[in-house]
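Beneath this line is the structure, given in C-alpha cells, with notes to follow.
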Amino acid sequence: MLIIMNKTQRHLHHKEFQETFHYHEKNRAVGESKTPDTREIKIVRKVLDVNDTIAKENRNLFAEKGVFVLNVMSSPGSGKTSILEKLLSRIVKKVRSAVIVGDICTSNDADRLSRFGAPAVQINTDAFGGDCHLAAHVIKSALGNFNLDDVDLLIVENLGNLVCPAEFDMGEDLRVVVLSVTEGEDKPIKYPLMFRVCDVALLNKIDLLPHLDYSIKKAIENILQVNPSMAIFEISAKTEDGFDSWIDWLEQRVKGKFK
Amino acid sequence: MHEMGIAMEIVEIAIASIPQDMKNVKVEKVNLKVGKLTAIVPESLRFCFDIVSKDTPLCDATLHIEEIPLVIRCSDCQDEWTIDEPIFTCRACYGGSVNIVSGRELDIHSIEIVDEE
Ligand SMILES: Nc1nc2c(ncn2[C@@H]2O[C@H](COP(=O)(O)OP(=O)(O)OP(=O)(O)O)[C@@H](O)[C@H]2O)c(=O)[nH]1
Ligand SMILES: [Mg+2]
Ligand SMILES: [Zn+2]
Ligand SMILES: [Zn+2]
C-alpha cells in the first residue's frame with residue numbers, strides 16, 4: 001500500500017520531530033537533577049527477521065529435496081482454486097505434486113483440490129491468530145504432512161488478499177498473482193507491492209470478456225508499469241483457454257531449477 | 001491486516017533489546033523505519049501495538065514511524081531517483097530493469113527508555 005503523506009501529515013511529522021528534539025534538549029539541560037533521563041538504544045533490525053530466517057531454511061530444504069514451490073496469490077474469488085484444479089488435472093500424471101491451501105476457517109478448497117490424486121493439506125490460519133496470509137513458519141509446519149522426497153512441485157494457494165501475502169517470503173521459487181477480468185484494471189496500481197514481487201500474472205476469466213467493459217490492454221499496461229519483467233497469460237479456468245501456454249511456461253521454469 | 005503479528009514482533013524485539021542490568025525500565029518510544037512500498041497501515045499498527053504492549057515495559061510507549069521514500073535505480077543507465085507513483089520504468093532511458101534502492105523497509109531502528117532506577 002502506498003502511503004502518501006499529505007501536507008498536514010508532513011507538517012505534523014515535522015512538528016513532532018521538533019518537539020522530540022526540544023524534549024531531548026530539555027532533558028539534557030536538567031540532566032543533573034533527579035528527573036528521569038532518556039536514553040536511546042540502537043537496534044536496527046528487520047521486524048520480519050524471524051519470518052525471513054525460516055523462509056531461508058525452507059528454501060534450503062526445498063533445494064536439497066528437489067522441490068519447486070509455487071505461491072499463488074490473488075484477491076478473494078479471482079479463481080485460484082479453479083486454476084489449480086485445471087493445472088493439477090493436466091500435470092499430476094507427469095509431475096509429482098502436492099498442495100497446501102490457506103484459508104481462514106473452511107476446508108472447501110483442499111477438498112476440491114484433493115480429488116486429483118495429489119496430497120492436499122488445508123491450513124486454517126484461525127489456529128495462527130486468523131492471519132490473512134501464510135507465513136514461513138506455517139508452511140514449515142505443514143511440510144510434516146508430506147514426504148518431500150516424493151514431491152517435485154509444491155503448490156501453495158495463499159489466502160485471498162492482495163496486501164499481506166506480498167510481505168511474507170515463505171521460501172518459494174515462483175510467485176503467481178491471479179487477476180480476474182471482473183476486477184478493476186487498476187488493481188496493479190492500487191497494490192503495487194504484490195505486482196512488484198510476483199513473477200507471473202494470470203489474467204483469469206477471459207471467457208466473461210464479451211459481457212464486460214473491461215480493457216485487457218489497460219490491465220496489461222498497468223501490470224507492466226509496476227513490473228516490466230512480469231510474464232502475463234490471459235486464461236480462463238472455465239474453458240481452459242490459455243492453459244497450454246502458461247503450463248508450458250511453468251514446466252520450463254520447474255525444469256530450469258534442476259538443470 | 002497483519003499489523004497484529006507485526007506489533008507482536010516489535011514488542012518482542014524491543015523487550016529483548018532492553019539491557020539486562022536495567023531495572024524498572026519504561027520504554028518511551030519505539031522508532032520504526034517503514035518504506036513507502038511496505039504494506040503497513042500506520043493507524044492500525046498503532047492500534048495493535050497499544051493492545052499487545054499492555055502489561056509490558058512498552059505499555060506507555062509511542063510508535064514513531066519514519067517513512068522511507070521509494071527510491072529506484074536503473075541497472076542500464078544507473079540513474080537513481082525517488083518516485084511517488086508506482087511507475088517502475090527508467091525515467092531516463094525508458095528501460096524496464098530498475099531495482100528498489102529503498103522503500104521496502106520494515107525495521108525497528110531504536111527504542112528510547114527512561115531508567116527509573
Ligand atoms: N466464468 C468464469 N468463472 C470462473 C473462472 N475461474 C473461476 N471462476 C469462478 O469464480 C468463483 C471463485 O473461484 P475460486 O476458484 O473459488 O476462487 P479463489 O480465488 O480460489 O477464491 P478464494 O480461495 O475464496 O479466495 C467460482 O464461482 C468459480 O467458478 C473463469 O475462468 N471463468
Ligand atoms: Mg480458493
Ligand atoms: Zn494482513
Ligand atoms: Zn535507465
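By order in the C-alpha cells, chains are A, B, ...; within a chain, residues start at 1; ligands start at 1, following the order shown.
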
When you look at Pro57 in chain B with a cut-off of 8 Å (counting only C-alpha atoms), what residues show up, excluding the ones that are within fewer than 2 positions of it in the same chain? I need them as a ChimeraX atom specification. /B:15,24-27,53,55,59-60

As a quick test: using only C-alpha atoms and all ligand atoms, which residues lie no more than 10 Å away from ligand 2? Give them as an NGL selection string. :A and (72-84 or 101-103 or 107-110 or 112-113 or 157-160)

Hey, what's within 7 Å of range 41-46 of chain B if we count only C-alpha atoms and toss same-chain stuff fewer than 5 positions away? As a PyMOL selection string, please? chain B and resi 3-4+7+63

Export of prior selection with N, CA, C and O atoms as a PDB file, in the first residue's frame:
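Final output, saved to out.pdb:
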ATOM      1  N   GLU B   3      -1.111  -6.404  10.802  1.00  0.00           N
ATOM      2  CA  GLU B   3      -0.478  -5.476  11.736  1.00  0.00           C
ATOM      3  C   GLU B   3      -0.369  -6.043  13.149  1.00  0.00           C
ATOM      4  O   GLU B   3       0.545  -5.704  13.881  1.00  0.00           O
ATOM      5  N   MET B   4      -1.324  -6.924  13.522  1.00  0.00           N
ATOM      6  CA  MET B   4      -1.262  -7.505  14.862  1.00  0.00           C
ATOM      7  C   MET B   4       0.017  -8.332  15.034  1.00  0.00           C
ATOM      8  O   MET B   4       0.743  -8.161  16.010  1.00  0.00           O
ATOM      9  N   ALA B   7       2.973  -6.030  15.204  1.00  0.00           N
ATOM     10  CA  ALA B   7       3.075  -5.350  16.505  1.00  0.00           C
ATOM     11  C   ALA B   7       3.669  -6.301  17.546  1.00  0.00           C
ATOM     12  O   ALA B   7       4.495  -5.898  18.364  1.00  0.00           O
ATOM     13  N   LEU B  63       4.761   4.828  19.184  1.00  0.00           N
ATOM     14  CA  LEU B  63       5.450   4.336  17.995  1.00  0.00           C
ATOM     15  C   LEU B  63       5.771   5.529  17.129  1.00  0.00           C
ATOM     16  O   LEU B  63       4.874   6.257  16.711  1.00  0.00           O
TER      17      LEU B  63
END

Within 6 Å of chain A, which residues of chain B come that close, and what is the closest atom pair and distance in Å for each? Count only C-alpha atoms and give it as a tab-separated table.
residue	atom	partner	partner_atom	distance
B:Lys36	CA	A:Ile3	CA	5.7
B:Leu37	CA	A:Leu2	CA	5.5
B:Ala39	CA	A:Met1	CA	4.8
B:Pro86	CA	A:Val226	CA	5.8
B:Ile87	CA	A:Gln225	CA	5.3
B:Phe88	CA	A:Val226	CA	5.2
B:Gly96	CA	A:Pro228	CA	5.2
B:Leu106	CA	A:Val47	CA	5.9
B:Asp107	CA	A:Lys46	CA	4.3
B:Ile108	CA	A:Arg45	CA	5.4
B:His109	CA	A:Val44	CA	4.2
B:Ser110	CA	A:Lys42	CA	4.3
B:Ile111	CA	A:Ile41	CA	5.3
B:Glu112	CA	A:Glu40	CA	4.2
B:Ile113	CA	A:Arg39	CA	5.3
B:Val114	CA	A:Thr38	CA	4.7

Generate the output file for the selected residues, N, CA, C and O atoms, as a JSON list (two decimals), in the first residue's frame.
[["chain", "number", "residue", "atom", "x", "y", "z"],
["B", 36, "LYS", "N", 7.96, 3.27, 1.91],
["B", 36, "LYS", "CA", 6.70, 3.71, 1.32],
["B", 36, "LYS", "C", 5.97, 2.57, 0.61],
["B", 36, "LYS", "O", 4.75, 2.58, 0.49],
["B", 37, "LEU", "N", 6.71, 1.56, 0.15],
["B", 37, "LEU", "CA", 6.08, 0.46, -0.56],
["B", 37, "LEU", "C", 5.65, -0.67, 0.39],
["B", 37, "LEU", "O", 5.01, -1.63, -0.02],
["B", 39, "ALA", "N", 3.60, -2.76, 2.96],
["B", 39, "ALA", "CA", 2.15, -2.86, 3.14],
["B", 39, "ALA", "C", 1.76, -2.75, 4.61],
["B", 39, "ALA", "O", 1.41, -3.73, 5.25],
["B", 86, "PRO", "N", 3.65, 4.38, -8.51],
["B", 86, "PRO", "CA", 4.27, 3.10, -8.81],
["B", 86, "PRO", "C", 4.61, 2.92, -10.29],
["B", 86, "PRO", "O", 4.03, 2.09, -10.98],
["B", 87, "ILE", "N", 5.56, 3.71, -10.78],
["B", 87, "ILE", "CA", 5.99, 3.57, -12.17],
["B", 87, "ILE", "C", 7.45, 3.11, -12.15],
["B", 87, "ILE", "O", 8.34, 3.88, -11.80],
["B", 88, "PHE", "N", 7.64, 1.84, -12.53],
["B", 88, "PHE", "CA", 8.96, 1.25, -12.38],
["B", 88, "PHE", "C", 9.68, 1.11, -13.72],
["B", 88, "PHE", "O", 10.29, 0.08, -13.99],
["B", 96, "GLY", "N", 13.34, -1.19, -18.54],
["B", 96, "GLY", "CA", 12.43, -1.77, -17.55],
["B", 96, "GLY", "C", 13.16, -2.49, -16.42],
["B", 96, "GLY", "O", 12.54, -3.13, -15.59],
["B", 106, "LEU", "N", 11.02, -2.37, 6.79],
["B", 106, "LEU", "CA", 10.12, -2.51, 7.93],
["B", 106, "LEU", "C", 11.07, -2.85, 9.08],
["B", 106, "LEU", "O", 11.25, -4.00, 9.45],
["B", 107, "ASP", "N", 11.76, -1.81, 9.56],
["B", 107, "ASP", "CA", 12.85, -2.00, 10.51],
["B", 107, "ASP", "C", 12.54, -1.35, 11.83],
["B", 107, "ASP", "O", 11.94, -0.27, 11.88],
["B", 108, "ILE", "N", 12.97, -2.00, 12.89],
["B", 108, "ILE", "CA", 12.91, -1.35, 14.19],
["B", 108, "ILE", "C", 14.30, -0.75, 14.40],
["B", 108, "ILE", "O", 15.31, -1.44, 14.39],
["B", 109, "HIS", "N", 14.32, 0.57, 14.48],
["B", 109, "HIS", "CA", 15.60, 1.27, 14.48],
["B", 109, "HIS", "C", 16.18, 1.40, 15.89],
["B", 109, "HIS", "O", 17.34, 1.11, 16.13],
["B", 110, "SER", "N", 15.34, 1.86, 16.83],
["B", 110, "SER", "CA", 15.83, 2.04, 18.20],
["B", 110, "SER", "C", 14.66, 2.15, 19.15],
["B", 110, "SER", "O", 13.52, 2.29, 18.74],
["B", 111, "ILE", "N", 15.00, 2.05, 20.45],
["B", 111, "ILE", "CA", 13.99, 2.36, 21.46],
["B", 111, "ILE", "C", 14.57, 3.44, 22.37],
["B", 111, "ILE", "O", 15.78, 3.56, 22.52],
["B", 112, "GLU", "N", 13.68, 4.25, 22.94],
["B", 112, "GLU", "CA", 14.13, 5.27, 23.89],
["B", 112, "GLU", "C", 13.55, 4.90, 25.24],
["B", 112, "GLU", "O", 12.35, 4.72, 25.38],
["B", 113, "ILE", "N", 14.41, 4.80, 26.23],
["B", 113, "ILE", "CA", 13.95, 4.33, 27.53],
["B", 113, "ILE", "C", 14.29, 5.31, 28.65],
["B", 113, "ILE", "O", 15.21, 6.11, 28.54],
["B", 114, "VAL", "N", 13.49, 5.22, 29.68],
["B", 114, "VAL", "CA", 13.74, 6.02, 30.88],
["B", 114, "VAL", "C", 14.14, 5.04, 31.97],
["B", 114, "VAL", "O", 13.42, 4.07, 32.25]]

Name the residues of range 11-114 of chain B that fall into strand (DSSP E or B) according to DSSP on the backbone, using the chain letters and numbers of this document, as a VMD selection string. chain B and resid 25 to 35 62 to 68 70 to 74 80 to 83 98 to 102 106 to 114

Emit the selected residues as an mmCIF file, in the first residue's frame, including C-alpha atoms.
data_model
loop_
_atom_site.group_PDB
_atom_site.id
_atom_site.type_symbol
_atom_site.label_atom_id
_atom_site.label_comp_id
_atom_site.auth_asym_id
_atom_site.auth_seq_id
_atom_site.Cartn_x
_atom_site.Cartn_y
_atom_site.Cartn_z
ATOM 1 C CA VAL B 25 12.569 0.235 32.656
ATOM 2 C CA LYS B 26 9.914 2.190 30.857
ATOM 3 C CA VAL B 27 10.153 2.382 27.106
ATOM 4 C CA GLU B 28 9.011 5.802 25.959
ATOM 5 C CA LYS B 29 9.323 5.487 22.270
ATOM 6 C CA VAL B 30 9.938 2.917 19.588
ATOM 7 C CA ASN B 31 11.488 4.254 16.404
ATOM 8 C CA LEU B 32 10.488 2.410 13.253
ATOM 9 C CA LYS B 33 11.540 2.897 9.663
ATOM 10 C CA VAL B 34 8.825 1.955 7.228
ATOM 11 C CA GLY B 35 9.326 2.076 3.477
ATOM 12 C CA THR B 62 4.622 5.695 21.410
ATOM 13 C CA LEU B 63 5.450 4.336 17.995
ATOM 14 C CA HIS B 64 7.382 6.791 15.926
ATOM 15 C CA ILE B 65 7.179 5.844 12.275
ATOM 16 C CA GLU B 66 9.685 7.362 9.910
ATOM 17 C CA GLU B 67 8.579 6.926 6.339
ATOM 18 C CA ILE B 68 11.364 5.983 3.944
ATOM 19 C CA LEU B 70 10.717 4.877 -2.558
ATOM 20 C CA VAL B 71 13.989 5.215 -4.432
ATOM 21 C CA ILE B 72 14.730 3.188 -7.542
ATOM 22 C CA ARG B 73 17.816 2.784 -9.716
ATOM 23 C CA CYS B 74 18.085 1.784 -13.355
ATOM 24 C CA GLU B 80 18.600 6.919 -9.433
ATOM 25 C CA TRP B 81 15.527 8.820 -8.317
ATOM 26 C CA THR B 82 12.590 8.969 -5.896
ATOM 27 C CA ILE B 83 9.122 8.005 -7.101
ATOM 28 C CA VAL B 98 15.070 -1.000 -12.259
ATOM 29 C CA ASN B 99 15.904 -2.051 -8.727
ATOM 30 C CA ILE B 100 14.452 -0.782 -5.498
ATOM 31 C CA VAL B 101 17.126 1.043 -3.510
ATOM 32 C CA SER B 102 14.896 1.931 -0.570
ATOM 33 C CA LEU B 106 10.119 -2.512 7.932
ATOM 34 C CA ASP B 107 12.849 -2.004 10.507
ATOM 35 C CA ILE B 108 12.914 -1.353 14.192
ATOM 36 C CA HIS B 109 15.601 1.268 14.476
ATOM 37 C CA SER B 110 15.834 2.038 18.196
ATOM 38 C CA ILE B 111 13.992 2.360 21.464
ATOM 39 C CA GLU B 112 14.128 5.267 23.891
ATOM 40 C CA ILE B 113 13.951 4.334 27.533
ATOM 41 C CA VAL B 114 13.744 6.019 30.882
#

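Contacts with ligand 4 are defined as any residue atom within 6 Å of a ligand atom, using only C-alpha atoms and all ligand atoms; the residues meeting this criterion are Cys74, Asp76, Cys77, Asp79, Cys90, Ala92, Cys93, Tyr94 and Gly95 of chain B.
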
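Within the 10 Å cut-off around Lys257 in chain A, using only C-alpha atoms and omitting residues fewer than 2 positions from it on the same chain, the listed residues are Ala63, Gly66, Val67, Phe68, Asp173, Gln252, Arg253, Val254, Lys255 and Lys259 of chain A.
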
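Among the candidates A:Ile91, A:Cys198, A:Val181, A:Ile232, the one nearest to ligand 1 when counting only C-alpha atoms and all ligand atoms is A:Val181.
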
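Interatomic distance, atom 7 (C, counted along the ligand's line) of ligand 1 against CA of Lys205 in chain A: 6.3 Å.
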
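Across the structure, CA of Phe243 in chain A and CA of Ala201 in chain A are spaced 13.0 Å apart.
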
What residues in chain B get the DSSP label helix (DSSP H, G or I)? Please answer as number ranges by chain. B: 3-16, 42-52

Let me see the file: selected residues, N, CA and C atoms, as an mmCIF file, in the first residue's frame.
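Final output, saved to selection-v1.cif:
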data_model
loop_
_atom_site.group_PDB
_atom_site.id
_atom_site.type_symbol
_atom_site.label_atom_id
_atom_site.label_comp_id
_atom_site.auth_asym_id
_atom_site.auth_seq_id
_atom_site.Cartn_x
_atom_site.Cartn_y
_atom_site.Cartn_z
ATOM 1 N N GLU B 3 -1.111 -6.404 10.802
ATOM 2 C CA GLU B 3 -0.478 -5.476 11.736
ATOM 3 C C GLU B 3 -0.369 -6.043 13.149
ATOM 4 N N MET B 4 -1.324 -6.924 13.522
ATOM 5 C CA MET B 4 -1.262 -7.505 14.862
ATOM 6 C C MET B 4 0.017 -8.332 15.034
ATOM 7 N N GLY B 5 0.294 -9.188 14.076
ATOM 8 C CA GLY B 5 1.505 -10.013 14.131
ATOM 9 C C GLY B 5 2.756 -9.149 14.142
ATOM 10 N N ILE B 6 2.718 -8.092 13.354
ATOM 11 C CA ILE B 6 3.879 -7.196 13.274
ATOM 12 C C ILE B 6 4.082 -6.480 14.603
ATOM 13 N N ALA B 7 2.973 -6.030 15.204
ATOM 14 C CA ALA B 7 3.075 -5.350 16.505
ATOM 15 C C ALA B 7 3.669 -6.301 17.546
ATOM 16 N N MET B 8 3.287 -7.572 17.480
ATOM 17 C CA MET B 8 3.822 -8.547 18.436
ATOM 18 C C MET B 8 5.329 -8.723 18.252
ATOM 19 N N GLU B 9 5.761 -8.791 16.993
ATOM 20 C CA GLU B 9 7.205 -8.898 16.735
ATOM 21 C C GLU B 9 7.947 -7.687 17.283
ATOM 22 N N ILE B 10 7.362 -6.511 17.075
ATOM 23 C CA ILE B 10 8.008 -5.281 17.535
ATOM 24 C C ILE B 10 8.194 -5.308 19.048
ATOM 25 N N VAL B 11 7.131 -5.693 19.755
ATOM 26 C CA VAL B 11 7.203 -5.735 21.220
ATOM 27 C C VAL B 11 8.265 -6.747 21.662
ATOM 28 N N GLU B 12 8.274 -7.886 20.990
ATOM 29 C CA GLU B 12 9.240 -8.927 21.361
ATOM 30 C C GLU B 12 10.688 -8.462 21.148
ATOM 31 N N ILE B 13 10.937 -7.881 19.968
ATOM 32 C CA ILE B 13 12.297 -7.424 19.672
ATOM 33 C C ILE B 13 12.705 -6.306 20.635
ATOM 34 N N ALA B 14 11.770 -5.393 20.916
ATOM 35 C CA ALA B 14 12.082 -4.262 21.800
ATOM 36 C C ALA B 14 12.413 -4.757 23.205
ATOM 37 N N ILE B 15 11.623 -5.676 23.713
ATOM 38 C CA ILE B 15 11.868 -6.168 25.074
ATOM 39 C C ILE B 15 13.220 -6.872 25.150
ATOM 40 N N ALA B 16 13.526 -7.639 24.110
ATOM 41 C CA ALA B 16 14.804 -8.351 24.098
ATOM 42 C C ALA B 16 15.994 -7.396 24.023
ATOM 43 N N PRO B 42 -0.259 2.653 9.184
ATOM 44 C CA PRO B 42 0.253 3.141 10.474
ATOM 45 C C PRO B 42 -0.813 3.176 11.576
ATOM 46 N N GLU B 43 -2.029 3.616 11.243
ATOM 47 C CA GLU B 43 -3.072 3.719 12.276
ATOM 48 C C GLU B 43 -3.372 2.350 12.869
ATOM 49 N N SER B 44 -3.465 1.337 12.016
ATOM 50 C CA SER B 44 -3.819 0.035 12.588
ATOM 51 C C SER B 44 -2.615 -0.581 13.304
ATOM 52 N N LEU B 45 -1.417 -0.250 12.857
ATOM 53 C CA LEU B 45 -0.236 -0.738 13.586
ATOM 54 C C LEU B 45 -0.209 -0.138 14.993
ATOM 55 N N ARG B 46 -0.486 1.169 15.090
ATOM 56 C CA ARG B 46 -0.520 1.821 16.410
ATOM 57 C C ARG B 46 -1.590 1.217 17.300
ATOM 58 N N PHE B 47 -2.747 0.972 16.701
ATOM 59 C CA PHE B 47 -3.863 0.382 17.433
ATOM 60 C C PHE B 47 -3.465 -0.992 18.001
ATOM 61 N N CYS B 48 -2.880 -1.825 17.150
ATOM 62 C CA CYS B 48 -2.472 -3.163 17.589
ATOM 63 C C CYS B 48 -1.349 -3.085 18.609
ATOM 64 N N PHE B 49 -0.446 -2.155 18.395
ATOM 65 C CA PHE B 49 0.683 -2.001 19.323
ATOM 66 C C PHE B 49 0.176 -1.670 20.728
ATOM 67 N N ASP B 50 -0.806 -0.785 20.807
ATOM 68 C CA ASP B 50 -1.358 -0.425 22.121
ATOM 69 C C ASP B 50 -1.966 -1.641 22.817
ATOM 70 N N ILE B 51 -2.541 -2.532 22.042
ATOM 71 C CA ILE B 51 -3.133 -3.732 22.643
ATOM 72 C C ILE B 51 -2.053 -4.705 23.126
ATOM 73 N N VAL B 52 -1.089 -5.006 22.260
ATOM 74 C CA VAL B 52 -0.123 -6.043 22.636
ATOM 75 C C VAL B 52 0.966 -5.551 23.581
#

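For the residues A:Glu85, A:Asp150, A:Glu57, A:Glu251, ranking by smallest atom-to-atom distance to ligand 1 using only C-alpha atoms and all ligand atoms places A:Glu85 first.
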
Please measure the separation of CA of Val151 in chain A and CA of Val176 in chain A, giving the value in Å to one decimal. 19.6 Å
